[in-house]
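Q: Data: entry-v6.pdb, PDB, C-alpha atoms and all ligand atoms.
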MODEL        1
ATOM      1  CA  MET C   1       1.790 -32.650 -54.402
ATOM      2  CA  LYS C   2       1.253 -34.388 -51.045
ATOM      3  CA  THR C   3      -0.354 -32.235 -48.345
ATOM      4  CA  THR C   4       1.112 -32.424 -44.856
ATOM      5  CA  SER C   5      -0.255 -31.059 -41.578
ATOM      6  CA  GLU C   6       2.365 -28.277 -41.776
ATOM      7  CA  ASP C   7       0.718 -27.075 -45.008
ATOM      8  CA  GLN C   8      -2.698 -26.687 -43.371
ATOM      9  CA  PRO C   9      -3.711 -23.120 -42.453
ATOM     10  CA  PRO C  10      -3.799 -22.521 -38.696
ATOM     11  CA  ILE C  11      -7.167 -22.867 -36.976
ATOM     12  CA  VAL C  12      -8.086 -19.946 -34.731
ATOM     13  CA  VAL C  13     -10.586 -20.332 -31.871
ATOM     14  CA  ARG C  14     -12.057 -17.232 -30.204
ATOM     15  CA  VAL C  15     -15.061 -16.120 -28.183
ATOM     16  CA  ALA C  16     -17.911 -14.910 -30.385
ATOM     17  CA  CYS C  17     -19.465 -11.437 -30.240
ATOM     18  CA  PRO C  18     -22.869 -10.116 -31.405
ATOM     19  CA  GLU C  19     -21.327  -8.621 -34.570
ATOM     20  CA  ASP C  20     -20.387 -12.127 -35.728
ATOM     21  CA  ASP C  21     -24.037 -12.663 -36.617
ATOM     22  CA  ILE C  22     -23.842 -10.385 -39.671
ATOM     23  CA  LEU C  23     -20.667 -11.938 -41.069
ATOM     24  CA  TYR C  24     -20.993 -15.533 -39.967
ATOM     25  CA  GLY C  25     -24.569 -16.157 -38.752
ATOM     26  CA  ASP C  26     -25.767 -17.895 -41.915
ATOM     27  CA  ASP C  27     -22.705 -20.174 -41.965
ATOM     28  CA  ILE C  28     -23.084 -20.993 -38.260
ATOM     29  CA  TYR C  29     -26.746 -21.885 -38.871
ATOM     30  CA  ARG C  30     -25.757 -24.180 -41.757
ATOM     31  CA  ILE C  31     -22.822 -25.832 -39.967
ATOM     32  CA  VAL C  32     -24.710 -26.587 -36.741
ATOM     33  CA  ASN C  33     -27.730 -28.060 -38.500
ATOM     34  CA  THR C  34     -25.686 -30.027 -41.045
ATOM     35  CA  ALA C  35     -23.404 -31.438 -38.347
ATOM     36  CA  TYR C  36     -26.170 -32.426 -35.910
ATOM     37  CA  ARG C  37     -29.123 -33.287 -38.093
ATOM     38  CA  THR C  38     -27.737 -34.759 -41.341
ATOM     39  CA  ASN C  39     -25.564 -37.830 -41.824
ATOM     40  CA  ALA C  40     -22.667 -35.892 -43.386
ATOM     41  CA  GLY C  41     -20.173 -36.264 -40.516
ATOM     42  CA  TRP C  42     -18.699 -39.209 -38.591
ATOM     43  CA  THR C  43     -21.105 -38.748 -35.682
ATOM     44  CA  HIS C  44     -24.527 -37.077 -35.753
ATOM     45  CA  GLU C  45     -28.069 -37.416 -34.422
ATOM     46  CA  SER C  46     -30.100 -37.333 -37.656
ATOM     47  CA  HIS C  47     -31.369 -40.896 -36.992
ATOM     48  CA  LEU C  48     -32.406 -39.986 -33.441
ATOM     49  CA  LEU C  49     -33.892 -36.499 -33.520
ATOM     50  CA  ALA C  50     -36.067 -34.631 -36.033
ATOM     51  CA  ASP C  51     -36.078 -30.954 -37.019
ATOM     52  CA  ASP C  52     -33.234 -28.443 -37.028
ATOM     53  CA  ARG C  53     -30.902 -28.229 -34.028
ATOM     54  CA  ILE C  54     -31.078 -24.437 -34.097
ATOM     55  CA  SER C  55     -33.115 -21.724 -35.845
ATOM     56  CA  ARG C  56     -31.519 -18.725 -37.531
ATOM     57  CA  ALA C  57     -33.013 -16.465 -34.826
ATOM     58  CA  GLU C  58     -31.466 -18.647 -32.103
ATOM     59  CA  VAL C  59     -28.042 -18.287 -33.757
ATOM     60  CA  LYS C  60     -28.328 -14.513 -33.373
ATOM     61  CA  SER C  61     -29.427 -14.829 -29.781
ATOM     62  CA  VAL C  62     -26.632 -17.216 -28.694
ATOM     63  CA  LEU C  63     -24.036 -14.882 -30.247
ATOM     64  CA  GLU C  64     -25.443 -12.072 -28.082
ATOM     65  CA  ASP C  65     -25.390 -14.216 -24.914
ATOM     66  CA  THR C  66     -22.550 -13.116 -22.633
ATOM     67  CA  THR C  67     -23.562 -15.362 -19.699
ATOM     68  CA  ASN C  68     -23.113 -18.505 -21.806
ATOM     69  CA  PRO C  69     -20.245 -17.672 -24.173
ATOM     70  CA  VAL C  70     -19.959 -19.151 -27.653
ATOM     71  CA  PHE C  71     -16.633 -20.150 -29.185
ATOM     72  CA  LEU C  72     -16.044 -20.114 -32.924
ATOM     73  CA  ALA C  73     -13.306 -21.901 -34.883
ATOM     74  CA  PHE C  74     -12.024 -20.185 -38.003
ATOM     75  CA  THR C  75      -9.701 -20.917 -40.846
ATOM     76  CA  PRO C  76      -8.215 -18.185 -43.080
ATOM     77  CA  THR C  77      -9.679 -17.614 -46.558
ATOM     78  CA  SER C  78      -8.380 -15.914 -49.685
ATOM     79  CA  SER C  79     -11.513 -13.716 -49.744
ATOM     80  CA  THR C  80     -10.942  -9.953 -49.571
ATOM     81  CA  THR C  81     -14.243  -9.310 -47.767
ATOM     82  CA  LEU C  82     -14.202 -12.166 -45.251
ATOM     83  CA  PRO C  83     -10.722 -12.648 -43.749
ATOM     84  CA  GLN C  84     -11.768 -15.890 -42.099
ATOM     85  CA  LYS C  85     -14.185 -18.742 -42.644
ATOM     86  CA  VAL C  86     -16.131 -20.123 -39.683
ATOM     87  CA  ILE C  87     -15.818 -23.903 -39.372
ATOM     88  CA  GLY C  88     -16.935 -24.852 -35.862
ATOM     89  CA  THR C  89     -18.928 -23.838 -32.779
ATOM     90  CA  LEU C  90     -19.161 -24.520 -29.044
ATOM     91  CA  GLN C  91     -21.270 -22.951 -26.301
ATOM     92  CA  ILE C  92     -20.532 -22.984 -22.590
ATOM     93  CA  ASP C  93     -23.655 -22.808 -20.452
ATOM     94  CA  SER C  94     -23.431 -21.717 -16.842
ATOM     95  CA  LEU C  95     -25.144 -24.726 -15.251
ATOM     96  CA  GLU C  96     -27.068 -22.728 -12.642
ATOM     97  CA  HIS C  97     -29.135 -21.268 -15.522
ATOM     98  CA  TYR C  98     -29.635 -24.612 -17.242
ATOM     99  CA  PRO C  99     -33.009 -26.366 -16.843
ATOM    100  CA  ASP C 100     -33.229 -29.386 -14.568
ATOM    101  CA  TYR C 101     -34.544 -32.245 -16.737
ATOM    102  CA  GLY C 102     -35.482 -34.365 -13.727
ATOM    103  CA  HIS C 103     -34.824 -38.073 -13.236
ATOM    104  CA  TYR C 104     -34.644 -40.744 -15.924
ATOM    105  CA  ALA C 105     -37.089 -43.660 -15.985
ATOM    106  CA  GLY C 106     -37.194 -45.519 -19.303
ATOM    107  CA  PRO C 107     -37.755 -48.970 -20.799
ATOM    108  CA  THR C 108     -34.160 -49.770 -21.850
ATOM    109  CA  HIS C 109     -32.835 -49.755 -18.280
ATOM    110  CA  PRO C 110     -35.746 -50.980 -16.106
ATOM    111  CA  SER C 111     -33.583 -51.542 -13.032
ATOM    112  CA  TYR C 112     -31.760 -48.227 -13.408
ATOM    113  CA  THR C 113     -31.062 -46.382 -10.170
ATOM    114  CA  PHE C 114     -28.831 -43.388  -9.576
ATOM    115  CA  ASP C 115     -28.158 -41.332  -6.491
ATOM    116  CA  TYR C 116     -28.853 -37.924  -8.014
ATOM    117  CA  SER C 117     -27.658 -36.175  -4.861
ATOM    118  CA  THR C 118     -24.089 -37.029  -5.940
ATOM    119  CA  ALA C 119     -24.607 -35.335  -9.320
ATOM    120  CA  ASP C 120     -24.332 -31.858  -7.919
ATOM    121  CA  SER C 121     -21.674 -32.543  -5.280
ATOM    122  CA  VAL C 122     -19.917 -29.647  -7.014
ATOM    123  CA  PRO C 123     -22.406 -26.697  -6.784
ATOM    124  CA  ARG C 124     -24.208 -25.985 -10.048
ATOM    125  CA  SER C 125     -22.784 -22.448  -9.945
ATOM    126  CA  GLU C 126     -19.315 -24.050 -10.288
ATOM    127  CA  GLN C 127     -20.254 -26.267 -13.236
ATOM    128  CA  ILE C 128     -20.466 -25.525 -16.935
ATOM    129  CA  MET C 129     -22.285 -27.464 -19.611
ATOM    130  CA  LEU C 130     -20.799 -27.954 -23.063
ATOM    131  CA  GLY C 131     -23.308 -27.524 -25.885
ATOM    132  CA  LEU C 132     -23.746 -26.572 -29.519
ATOM    133  CA  ILE C 133     -20.535 -28.412 -30.397
ATOM    134  CA  SER C 134     -20.253 -28.669 -34.140
ATOM    135  CA  VAL C 135     -17.616 -28.843 -36.846
ATOM    136  CA  ASP C 136     -18.302 -28.441 -40.558
ATOM    137  CA  PRO C 137     -18.723 -32.100 -41.636
ATOM    138  CA  THR C 138     -16.312 -31.620 -44.566
ATOM    139  CA  LEU C 139     -13.576 -30.690 -42.060
ATOM    140  CA  GLN C 140     -14.185 -33.183 -39.238
ATOM    141  CA  SER C 141     -11.593 -35.656 -37.872
ATOM    142  CA  ARG C 142      -8.772 -33.075 -38.132
ATOM    143  CA  GLY C 143      -8.682 -32.154 -34.463
ATOM    144  CA  ILE C 144     -10.941 -29.079 -34.727
ATOM    145  CA  GLY C 145     -13.625 -30.427 -32.374
ATOM    146  CA  GLY C 146     -10.975 -31.332 -29.797
ATOM    147  CA  LYS C 147      -9.419 -27.893 -30.108
ATOM    148  CA  LEU C 148     -12.785 -26.185 -29.512
ATOM    149  CA  VAL C 149     -13.483 -28.310 -26.422
ATOM    150  CA  LYS C 150     -10.015 -27.649 -24.970
ATOM    151  CA  ALA C 151     -10.380 -23.889 -25.556
ATOM    152  CA  GLY C 152     -13.809 -23.916 -23.881
ATOM    153  CA  LEU C 153     -12.610 -25.916 -20.867
ATOM    154  CA  LYS C 154      -9.607 -23.616 -20.394
ATOM    155  CA  TYR C 155     -11.881 -20.541 -20.510
ATOM    156  CA  ALA C 156     -14.376 -22.131 -18.097
ATOM    157  CA  LYS C 157     -11.604 -22.817 -15.603
ATOM    158  CA  GLU C 158      -9.445 -19.718 -15.956
ATOM    159  CA  VAL C 159     -11.936 -16.984 -16.850
ATOM    160  CA  MET C 160     -15.202 -18.243 -15.344
ATOM    161  CA  GLY C 161     -13.556 -19.954 -12.341
ATOM    162  CA  ARG C 162     -15.576 -23.160 -12.841
ATOM    163  CA  LYS C 163     -14.624 -26.469 -11.235
ATOM    164  CA  GLN C 164     -16.449 -29.044 -13.335
ATOM    165  CA  ALA C 165     -17.601 -29.496 -16.950
ATOM    166  CA  VAL C 166     -20.669 -31.540 -17.849
ATOM    167  CA  VAL C 167     -21.890 -32.831 -21.184
ATOM    168  CA  TYR C 168     -25.201 -34.526 -21.973
ATOM    169  CA  VAL C 169     -24.759 -37.161 -24.689
ATOM    170  CA  VAL C 170     -27.694 -39.008 -26.221
ATOM    171  CA  PHE C 171     -27.417 -42.565 -24.859
ATOM    172  CA  GLN C 172     -27.469 -44.226 -28.304
ATOM    173  CA  ARG C 173     -24.356 -42.289 -29.451
ATOM    174  CA  THR C 174     -21.659 -44.662 -28.200
ATOM    175  CA  GLU C 175     -18.983 -43.263 -30.552
ATOM    176  CA  LEU C 176     -19.554 -39.742 -29.216
ATOM    177  CA  ARG C 177     -19.426 -40.881 -25.574
ATOM    178  CA  GLU C 178     -16.099 -42.559 -26.356
ATOM    179  CA  TRP C 179     -14.832 -39.341 -27.941
ATOM    180  CA  TYR C 180     -15.568 -37.372 -24.764
ATOM    181  CA  GLN C 181     -14.048 -40.131 -22.642
ATOM    182  CA  ARG C 182     -10.807 -39.887 -24.654
ATOM    183  CA  ILE C 183     -10.767 -36.166 -23.795
ATOM    184  CA  GLY C 184     -11.087 -37.121 -20.102
ATOM    185  CA  PHE C 185     -14.828 -37.011 -19.333
ATOM    186  CA  ILE C 186     -16.129 -39.753 -17.013
ATOM    187  CA  ASP C 187     -19.506 -41.511 -17.230
ATOM    188  CA  TYR C 188     -20.593 -42.238 -13.646
ATOM    189  CA  GLY C 189     -23.851 -43.833 -14.797
ATOM    190  CA  GLU C 190     -26.016 -40.729 -14.469
ATOM    191  CA  LYS C 191     -28.928 -40.529 -16.919
ATOM    192  CA  ARG C 192     -31.370 -37.727 -17.681
ATOM    193  CA  PRO C 193     -34.558 -37.743 -19.767
ATOM    194  CA  TYR C 194     -34.639 -36.074 -23.182
ATOM    195  CA  PRO C 195     -36.882 -33.010 -22.723
ATOM    196  CA  VAL C 196     -38.687 -32.928 -26.109
ATOM    197  CA  LEU C 197     -39.930 -36.481 -26.716
ATOM    198  CA  GLU C 198     -42.067 -35.361 -29.715
ATOM    199  CA  SER C 199     -38.805 -34.796 -31.659
ATOM    200  CA  THR C 200     -37.347 -38.267 -31.058
ATOM    201  CA  LYS C 201     -37.194 -40.846 -33.854
ATOM    202  CA  GLN C 202     -36.315 -43.908 -31.742
ATOM    203  CA  GLU C 203     -37.545 -45.511 -28.540
ATOM    204  CA  ASP C 204     -36.033 -44.331 -25.292
ATOM    205  CA  VAL C 205     -33.869 -41.436 -26.468
ATOM    206  CA  HIS C 206     -32.298 -40.032 -23.288
ATOM    207  CA  PHE C 207     -29.006 -38.583 -22.082
ATOM    208  CA  ASN C 208     -25.940 -40.065 -20.424
ATOM    209  CA  VAL C 209     -24.250 -37.363 -18.351
ATOM    210  CA  LEU C 210     -20.446 -37.202 -18.506
ATOM    211  CA  ARG C 211     -18.354 -35.117 -16.120
ATOM    212  CA  LEU C 212     -14.819 -33.737 -16.080
ATOM    213  CA  ASP C 213     -13.171 -32.011 -13.105
ATOM    214  CA  LEU C 214     -11.335 -28.897 -14.267
TER     215      LEU C 214
HETATM  216  C1  LIG N 301     -18.397 -34.181 -32.332
HETATM  217  C2  LIG N 301     -17.653 -33.262 -33.304
HETATM  218  C3  LIG N 301     -17.756 -31.815 -32.817
HETATM  219  C4  LIG N 301     -16.180 -33.675 -33.342
HETATM  220  O1  LIG N 301     -15.471 -32.816 -34.215
HETATM  221  P1  LIG N 301     -14.137 -33.303 -34.974
HETATM  222  O2  LIG N 301     -13.516 -32.087 -35.540
HETATM  223  O3  LIG N 301     -14.444 -34.426 -35.880
HETATM  224  O4  LIG N 301     -13.288 -33.842 -33.717
HETATM  225  P2  LIG N 301     -11.743 -34.247 -33.674
HETATM  226  O5  LIG N 301     -11.180 -34.209 -35.049
HETATM  227  O6  LIG N 301     -11.093 -33.439 -32.628
HETATM  228  O7  LIG N 301     -11.809 -35.745 -33.151
HETATM  229  C5  LIG N 301     -12.351 -36.749 -33.969
HETATM  230  C6  LIG N 301     -12.057 -38.107 -33.345
HETATM  231  O8  LIG N 301     -13.039 -39.037 -33.803
HETATM  232  C7  LIG N 301     -12.369 -40.137 -34.403
HETATM  233  N1  LIG N 301     -13.246 -40.652 -35.431
HETATM  234  C8  LIG N 301     -13.305 -40.274 -36.714
HETATM  235  N2  LIG N 301     -14.220 -41.007 -37.350
HETATM  236  C9  LIG N 301     -14.744 -41.861 -36.446
HETATM  237  C10 LIG N 301     -15.714 -42.893 -36.508
HETATM  238  N3  LIG N 301     -16.348 -43.170 -37.643
HETATM  239  N4  LIG N 301     -16.007 -43.581 -35.372
HETATM  240  C11 LIG N 301     -15.382 -43.312 -34.220
HETATM  241  N5  LIG N 301     -14.430 -42.335 -34.095
HETATM  242  C12 LIG N 301     -14.110 -41.633 -35.210
HETATM  243  C13 LIG N 301     -11.083 -39.559 -34.898
HETATM  244  O9  LIG N 301     -10.140 -40.570 -35.076
HETATM  245  C14 LIG N 301     -10.711 -38.621 -33.760
HETATM  246  O10 LIG N 301     -10.162 -39.392 -32.699
HETATM  247  P3  LIG N 301      -9.373 -38.752 -31.449
HETATM  248  O11 LIG N 301     -10.414 -38.290 -30.474
HETATM  249  O12 LIG N 301      -8.569 -39.878 -30.905
HETATM  250  O13 LIG N 301      -8.548 -37.620 -31.986
HETATM  251  C15 LIG N 301     -18.227 -33.353 -34.747
HETATM  252  O14 LIG N 301     -18.204 -34.702 -35.143
HETATM  253  C16 LIG N 301     -19.655 -32.860 -34.904
HETATM  254  O15 LIG N 301     -19.883 -31.711 -35.257
HETATM  255  N6  LIG N 301     -20.638 -33.749 -34.684
HETATM  256  C17 LIG N 301     -22.070 -33.393 -34.855
HETATM  257  C18 LIG N 301     -22.612 -32.528 -33.733
HETATM  258  C19 LIG N 301     -22.604 -33.234 -32.405
HETATM  259  O16 LIG N 301     -23.053 -34.350 -32.307
HETATM  260  N7  LIG N 301     -22.097 -32.568 -31.340
HETATM  261  C20 LIG N 301     -21.987 -33.124 -30.006
HETATM  262  C21 LIG N 301     -23.256 -33.082 -29.255
HETATM  263  S1  LIG N 301     -23.065 -33.534 -27.545
ENDMDL
END
Output the structure of this file as structure tokens.
Ligand SMILES: CC(C)(COP(=O)(O)OP(=O)(O)OC[C@H]1O[C@@H](n2cnc3c(N)ncnc32)[C@H](O)[C@@H]1OP(=O)(O)O)[C@@H](O)C(=O)NCCC(=O)NCCS

A:
Amino acid sequence: MKTTSEDQPPIVVRVACPEDDILYGDDIYRIVNTAYRTNAGWTHESHLLADDRISRAEVKSVLEDTTNPVFLAFTPTSSTTLPQKVIGTLQIDSLEHYPDYGHYAGPTHPSYTFDYSTADSVPRSEQIMLGLISVDPTLQSRGIGGKLVKAGLKYAKEVMGRKQAVVYVVFQRTELREWYQRIGFIDYGEKRPYPVLESTKQEDVHFNVLRLDL
């Protein structure tokens, strides 16, 4: 029988809590690392960056972090012990606590200049940074990633009172930059260095910074 979107179980997105680690921590660990650091999904960084994206201990710690809330996407299951199955993640970092990676200077853009004073024309305490955005690769391209981002942006604006969202996208990932641009993010030409060069697999891995006024 043909499956239609009406037949699909509803996706629920909610803010995570520390107790989620016991029920869902192992799945979150698997989903994040499979999405980011294998080639299973439509966009990933396995060709650009080595090692896992997150350790199991870091999963526990981000679920306990109330300053930088995590969002989880779930779909119902038929299991009697686990009412839901986790299928996606997103973290919202308060930008004032985020490290400053400094200014970019790399070989691919030798004449690159950027007026970094414009970058924080909205105070950092009014910005949030999207991170840890992942969807189970077997369930990508069904709108789940977009739903997570929209839920996070709404929370940042309405609950945290933030004025601007920022995302750092590895420069080489054109398809991912285009995805954020379709959501409404703007690339003003700002670049930032990648902080852990030992993990990079290609020359000149660095970030393009995209911004969205909330
Ligand atoms: C980025 C990510 C979260 C998106 O999740 P998703 O559930 O696939 O997202 P959506 O279904 O909402 O959107 C997918 C879009 O990509 C498009 N797409 C699918 N395959 C594509 C491809 N091969 N090339 C370009 N676009 C493609 C879809 O058509 C859809 O388009 P739309 O934006 O017009 O709707 C997911 O791919 C992921 O986990 N990636 C690995 C982790 C990562 O890189 N995170 C971001 C770090 S900044």

Q: Using all atoms listed in the file, determine which residues lie at most 12 Å from C:Thr34, disregarding the query and same-chain residues fewer than 3 positions distant; provide the list as a PyMOL selection string.

A: chain C and resi 27-31+37-46+51-54+87-88+133-138

Q: Would you please work out which residue, of C:His206, C:Lys163, C:Lys60, C:His47, is nearest to C:Asp120 when using all atoms listed in the file?

A: C:Lys163

Q: I'd like to know which of C:Lys157, C:Arg192, C:Lys147, C:Arg162 is closest to ligand LIG 301 (chain N), using all atoms listed in the file.

A: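 Answer, going by the shortest atom-to-atom distance: C:Lys147.
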
Q: Care to translate the PyMOL selection byres (((chain C and resi 195) around 10) and not hetatm) into actual residues of this file, as a VMD selection string?

A: chain C and resid 99 to 102 192 to 194 196 to 200 205 to 207

Q: Measuring atom to atom with all atoms listed in the file, identify which of C:Val122, C:Leu90, C:Leu63, C:Val12 is nearest to ligand LIG 301 (chain N).

A: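 Smallest distance to ligand LIG 301 (chain N) is found for C:Leu90.
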
Q: Work out how far atom CA of C:Leu212 is from atom CA of C:Phe185, in Å to one decimal.

A: 4.6 Å

Q: For the file shown, report as a ChimeraX atom specification the outcome of the PyMOL selection byres (((chain C and resi 64) around 9) and not hetatm) at residue level.

A: /C:16-19,21,59-63,65-66,69-70
